[in-house]
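Peer 1: Below is the file query_17.csv, which contains CSV, C-alpha atoms.
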```csv
chain,number,residue,atom,x,y,z
A,1,MET,CA,34.5,12.4,24.6
A,2,ASN,CA,34.5,9.1,26.4
A,3,ARG,CA,32.0,8.4,29.1
A,4,ASP,CA,32.7,6.5,32.2
A,5,LEU,CA,29.9,4.0,32.1
A,6,SER,CA,30.7,2.8,35.5
A,7,SER,CA,29.9,6.3,37.0
A,8,PRO,CA,26.4,6.6,38.5
A,9,VAL,CA,26.2,10.3,37.7
A,10,PRO,CA,24.6,10.0,34.2
A,11,TRP,CA,22.1,7.5,35.5
A,12,ARG,CA,21.1,9.8,38.3
A,13,ARG,CA,20.7,12.8,35.9
A,14,SER,CA,18.5,10.6,33.7
A,15,LEU,CA,16.4,9.5,36.7
A,16,ARG,CA,15.9,13.1,37.8
A,17,ALA,CA,14.9,14.2,34.3
A,18,SER,CA,12.4,11.3,34.1
A,19,GLN,CA,10.9,12.2,37.5
A,20,ALA,CA,10.6,15.9,36.5
A,21,ARG,CA,8.7,14.9,33.4
A,22,ARG,CA,6.4,12.6,35.3
A,23,ALA,CA,5.7,15.4,37.9
A,24,LYS,CA,5.0,17.9,35.1
A,25,ARG,CA,2.5,15.5,33.5
A,26,ALA,CA,0.8,14.9,36.9
A,27,ARG,CA,0.5,18.7,37.5
A,28,ARG,CA,-1.1,19.1,34.0
A,29,ARG,CA,-3.6,16.3,34.8
A,30,ARG,CA,-4.5,17.9,38.2
A,31,ASN,CA,-5.0,21.3,36.6
A,32,ALA,CA,-7.2,19.7,33.9
A,33,LEU,CA,-9.3,18.0,36.5
A,34,ARG,CA,-9.7,21.2,38.5
A,35,GLY,CA,-10.8,23.0,35.4
A,36,ARG,CA,-13.5,20.4,34.7
A,37,ALA,CA,-14.6,20.4,38.3
A,38,GLY,CA,-14.9,24.2,38.2
A,39,VAL,CA,-17.0,24.0,35.0
A,40,THR,CA,-19.3,21.3,36.6
A,41,LEU,CA,-19.7,23.4,39.7
A,42,ALA,CA,-20.5,26.5,37.7
A,43,VAL,CA,-23.1,24.6,35.7
A,44,ALA,CA,-24.7,23.2,38.9
A,45,VAL,CA,-24.9,26.7,40.4
A,46,PHE,CA,-26.4,28.1,37.2
A,47,SER,CA,-29.0,25.3,37.2
A,48,VAL,CA,-30.0,25.9,40.8
A,49,ALA,CA,-30.2,29.7,40.1
A,50,ALA,CA,-32.3,29.1,37.0
A,51,ALA,CA,-34.6,26.7,38.8
A,52,GLY,CA,-35.1,29.3,41.6
A,53,ALA,CA,-35.8,32.0,39.0
A,54,LEU,CA,-38.4,29.8,37.3
A,55,ALA,CA,-40.0,29.0,40.6
A,56,GLN,CA,-40.1,32.7,41.5
A,57,ASP,CA,-41.4,33.5,38.0
A,58,ALA,CA,-44.2,31.0,38.4
A,59,ALA,CA,-45.3,32.4,41.7
A,60,THR,CA,-45.5,36.1,40.5
A,61,PRO,CA,-48.6,37.7,41.9
A,62,LEU,CA,-51.2,39.4,39.7
A,63,ALA,CA,-50.3,42.8,41.1
A,64,PRO,CA,-49.0,44.2,44.3
A,65,GLY,CA,-51.1,42.9,47.2
A,66,VAL,CA,-53.2,40.5,44.9
A,67,GLN,CA,-52.2,36.9,45.4
A,68,SER,CA,-55.5,35.0,45.6
A,69,THR,CA,-55.4,31.6,43.9
A,70,ASP,CA,-59.1,31.9,43.2
A,71,THR,CA,-58.6,35.2,41.5
A,72,VAL,CA,-55.9,33.7,39.3
A,73,ARG,CA,-58.1,30.9,38.3
A,74,ALA,CA,-61.0,33.3,37.5
A,75,LEU,CA,-58.6,35.3,35.4
A,76,GLN,CA,-57.3,32.3,33.6
A,77,GLN,CA,-60.8,31.1,32.8
A,78,LYS,CA,-61.6,34.5,31.3
A,79,LEU,CA,-58.4,34.3,29.2
A,80,GLY,CA,-59.0,30.8,28.1
A,81,VAL,CA,-55.8,29.3,29.5
A,82,SER,CA,-55.3,26.4,31.9
A,83,ALA,CA,-56.9,27.4,35.2
A,84,ASP,CA,-54.2,26.0,37.5
A,85,GLY,CA,-54.1,29.0,39.9
A,86,VAL,CA,-50.5,29.8,39.1
A,87,TYR,CA,-49.7,33.2,37.5
A,88,GLY,CA,-46.8,31.9,35.4
A,89,PRO,CA,-45.4,32.9,32.0
A,90,LYS,CA,-48.3,31.5,29.9
A,91,THR,CA,-50.9,33.4,32.0
A,92,ARG,CA,-48.8,36.6,31.8
A,93,ALA,CA,-48.5,36.3,28.0
A,94,ALA,CA,-52.2,35.9,27.8
A,95,VAL,CA,-52.7,39.0,29.9
A,96,LYS,CA,-50.4,41.0,27.7
A,97,ARG,CA,-52.4,39.9,24.6
A,98,PHE,CA,-55.6,40.9,26.3
A,99,GLN,CA,-54.1,44.3,27.3
A,100,ARG,CA,-52.9,45.1,23.8
A,101,ALA,CA,-56.3,44.1,22.3
A,102,HIS,CA,-58.1,46.4,24.8
A,103,GLY,CA,-55.8,49.4,24.7
A,104,LEU,CA,-54.3,48.8,28.2
A,105,THR,CA,-50.7,49.0,29.2
A,106,ALA,CA,-49.3,45.6,28.0
A,107,ASP,CA,-47.1,44.9,31.0
A,108,GLY,CA,-48.5,41.4,31.8
A,109,VAL,CA,-49.6,42.6,35.3
A,110,ALA,CA,-53.2,42.1,36.1
A,111,GLY,CA,-53.9,45.3,37.9
A,112,PRO,CA,-57.2,46.9,38.8
A,113,GLN,CA,-57.9,48.1,35.2
A,114,THR,CA,-57.1,44.8,33.6
A,115,LEU,CA,-59.2,42.8,36.1
A,116,ALA,CA,-62.1,45.2,35.7
A,117,ALA,CA,-61.9,44.9,31.9
A,118,LEU,CA,-62.0,41.1,32.4
A,119,GLY,CA,-64.9,41.3,34.8
A,120,VAL,CA,-62.8,39.6,37.6
A,121,SER,CA,-62.9,40.8,41.2
A,122,ALA,CA,-59.6,40.9,43.0
A,123,ALA,CA,-61.1,40.6,46.5
A,124,PRO,CA,-63.0,37.4,46.9
A,125,LYS,CA,-60.5,36.0,49.4
A,126,ALA,CA,-60.8,39.0,51.6
A,127,LYS,CA,-64.5,38.4,51.9
A,128,GLU,CA,-64.0,34.7,52.6
A,129,ALA,CA,-61.5,35.7,55.3
A,130,ASP,CA,-64.0,38.1,56.9
A,131,ASP,CA,-66.7,35.5,56.7
A,132,SER,CA,-64.4,32.9,58.3
A,133,SER,CA,-63.3,35.3,61.0
A,134,ALA,CA,-66.9,36.1,61.8
A,135,ALA,CA,-67.8,32.4,61.9
A,136,ALA,CA,-64.9,31.7,64.2
A,137,SER,CA,-65.8,34.6,66.5
A,138,SER,CA,-69.4,33.4,66.6
A,139,GLY,CA,-68.3,29.8,67.4
A,140,ASP,CA,-65.9,31.1,70.1
A,141,ALA,CA,-68.8,33.1,71.7
A,142,ALA,CA,-71.1,30.1,71.7
A,143,ALA,CA,-68.5,27.9,73.3
A,144,THR,CA,-67.8,30.6,76.0
A,145,LEU,CA,-71.4,31.0,76.8
A,146,GLN,CA,-71.9,27.3,77.1
A,147,ARG,CA,-68.9,27.1,79.5
A,148,ILE,CA,-70.3,30.0,81.6
A,149,ALA,CA,-73.8,28.5,81.8
A,150,GLN,CA,-72.5,25.1,82.8
A,151,CYS,CA,-70.4,26.7,85.6
A,152,GLU,CA,-73.0,29.2,86.8
A,153,SER,CA,-76.1,27.0,86.9
A,154,GLY,CA,-75.3,23.6,85.4
A,155,GLY,CA,-77.1,24.8,82.3
A,156,ASN,CA,-80.5,25.1,84.1
A,157,PRO,CA,-82.6,28.0,82.8
A,158,SER,CA,-84.6,28.0,86.0
A,159,ALA,CA,-81.8,28.1,88.5
A,160,VAL,CA,-81.8,30.6,91.3
A,161,SER,CA,-79.0,31.4,93.7
A,162,ALA,CA,-79.4,30.6,97.4
A,163,ASP,CA,-80.1,34.3,98.3
A,164,GLY,CA,-82.3,34.8,95.2
A,165,THR,CA,-80.1,37.5,93.7
A,166,TYR,CA,-78.8,35.7,90.6
A,167,ARG,CA,-81.3,34.0,88.4
A,168,GLY,CA,-81.6,31.8,85.3
A,169,LYS,CA,-79.1,29.9,83.1
A,170,TYR,CA,-76.5,32.7,83.3
A,171,GLN,CA,-77.3,33.9,86.8
A,172,PHE,CA,-78.4,37.4,85.8
A,173,ASP,CA,-79.2,39.9,88.5
A,174,ARG,CA,-82.5,41.7,87.7
A,175,GLU,CA,-80.8,45.1,87.0
A,176,THR,CA,-78.5,43.7,84.3
A,177,TRP,CA,-81.3,41.7,82.8
A,178,ARG,CA,-83.6,44.8,82.4
A,179,ALA,CA,-80.7,46.9,81.1
A,180,LEU,CA,-80.2,44.5,78.2
A,181,GLY,CA,-83.9,44.5,77.3
A,182,GLY,CA,-85.2,41.6,79.4
A,183,SER,CA,-88.5,41.7,81.2
A,184,GLY,CA,-89.9,39.8,84.3
A,185,ASP,CA,-87.8,37.2,86.1
A,186,PRO,CA,-84.8,35.9,84.2
A,187,ALA,CA,-85.4,32.4,85.7
A,188,ASP,CA,-88.9,32.4,84.1
A,189,ALA,CA,-87.8,33.6,80.6
A,190,PRO,CA,-87.5,31.2,77.7
A,191,GLU,CA,-84.0,29.7,77.4
A,192,ALA,CA,-83.6,31.2,73.9
A,193,GLU,CA,-84.1,34.7,75.3
A,194,GLN,CA,-81.6,34.1,78.1
A,195,ASP,CA,-79.1,32.9,75.5
A,196,ARG,CA,-79.7,36.1,73.4
A,197,ILE,CA,-79.3,38.5,76.3
A,198,ALA,CA,-76.2,36.6,77.6
A,199,ALA,CA,-74.7,36.9,74.1
A,200,ALA,CA,-75.4,40.6,74.1
A,201,LEU,CA,-73.8,41.0,77.5
A,202,LEU,CA,-70.7,39.0,76.4
A,203,ALA,CA,-70.4,41.2,73.3
A,204,GLN,CA,-70.6,44.4,75.4
A,205,ARG,CA,-68.4,43.5,78.4
A,206,GLY,CA,-66.7,40.2,77.7
A,207,THR,CA,-66.6,37.7,80.5
A,208,ALA,CA,-66.2,40.4,83.3
A,209,PRO,CA,-69.9,39.9,84.5
A,210,TRP,CA,-69.0,36.3,85.4
A,211,PRO,CA,-65.8,36.8,87.4
A,212,VAL,CA,-65.7,33.2,88.6
A,213,CYS,CA,-67.0,31.3,85.6
A,214,GLY,CA,-65.8,33.6,82.8
```
Represent the structure contained in this file as structure tokens.

Peer 2:
Amino acid sequence: MNRDLSSPVPWRRSLRASQARRAKRARRRRNALRGRAGVTLAVAVFSVAAAGALAQDAATPLAPGVQSTDTVRALQQKLGVSADGVYGPKTRAAVKRFQRAHGLTADGVAGPQTLAALGVSAAPKAKEADDSSAAASSGDAAATLQRIAQCESGGNPSAVSADGTYRGKYQFDRETWRALGGSGDPADAPEAEQDRIAAALLAQRGTAPWPVCG
């Protein structure tokens, strides 16, 4: 069959076929790139999740309610591992070895029985917290009494109100003074005694006895 070389039809068909092939190759490249991007994203998500799991693993407490860093260090010293205060995989493995050797449940959790067998107390932090709280309360009381004394008498242990009713550094009336164990005239008592009785009054009734300066 003779072709009409002057006709544009064959040329157009060839062009369309060529364009279709190029479009098909472009789609394949895009699909390949999407696949690689998906793999990269999956790897990134897995890495983040793994890092989070490791961080959580490193922060595992000894046992429910026991998270004292000092206790972890004491435990690690007893087990002969690095005393970094972190209850991580190495510490947990050492706990398991100790538990197996001493007939305890080898779960890697340093519960009361394991701590007792190691001679480690799980409650030093609680005592420190109580001590700190007591010290803070004592400091607050001292500051409050200093403020009251300055307001009531200018801090003068011998001060007496104009009508003679309120006396001493904290302007006690005689009835209150005697009720808390004081004797004689509050304004004549040693300053240390006035401080002691004022502290007792503050502990019993708060700042209510000093309605203006409390």

Peer 1: Could you tell me which of A:Pro190, A:Gly103, A:Gly139, A:Gly182 comes closest to Asn156 (chain A) if we count all atoms listed in the file?

Peer 2: A:Pro190

Peer 1: So the first atom is CA of Leu75 (chain A) and the second is CA of Ala116 (chain A); what is the distance between them in Å, to one decimal place?

Peer 2: 10.5 Å

Peer 1: Would you compute the distance between CA of Val86 (chain A) and CA of Val120 (chain A)? Give it in Å to one decimal.

Peer 2: 15.8 Å

Peer 1: What does the structure give for the distance between CA of Gly168 (chain A) and CA of Leu145 (chain A), in Å to one decimal?

Peer 2: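 Result for CA of Gly168 (chain A) versus CA of Leu145 (chain A): 13.3 Å, one decimal.
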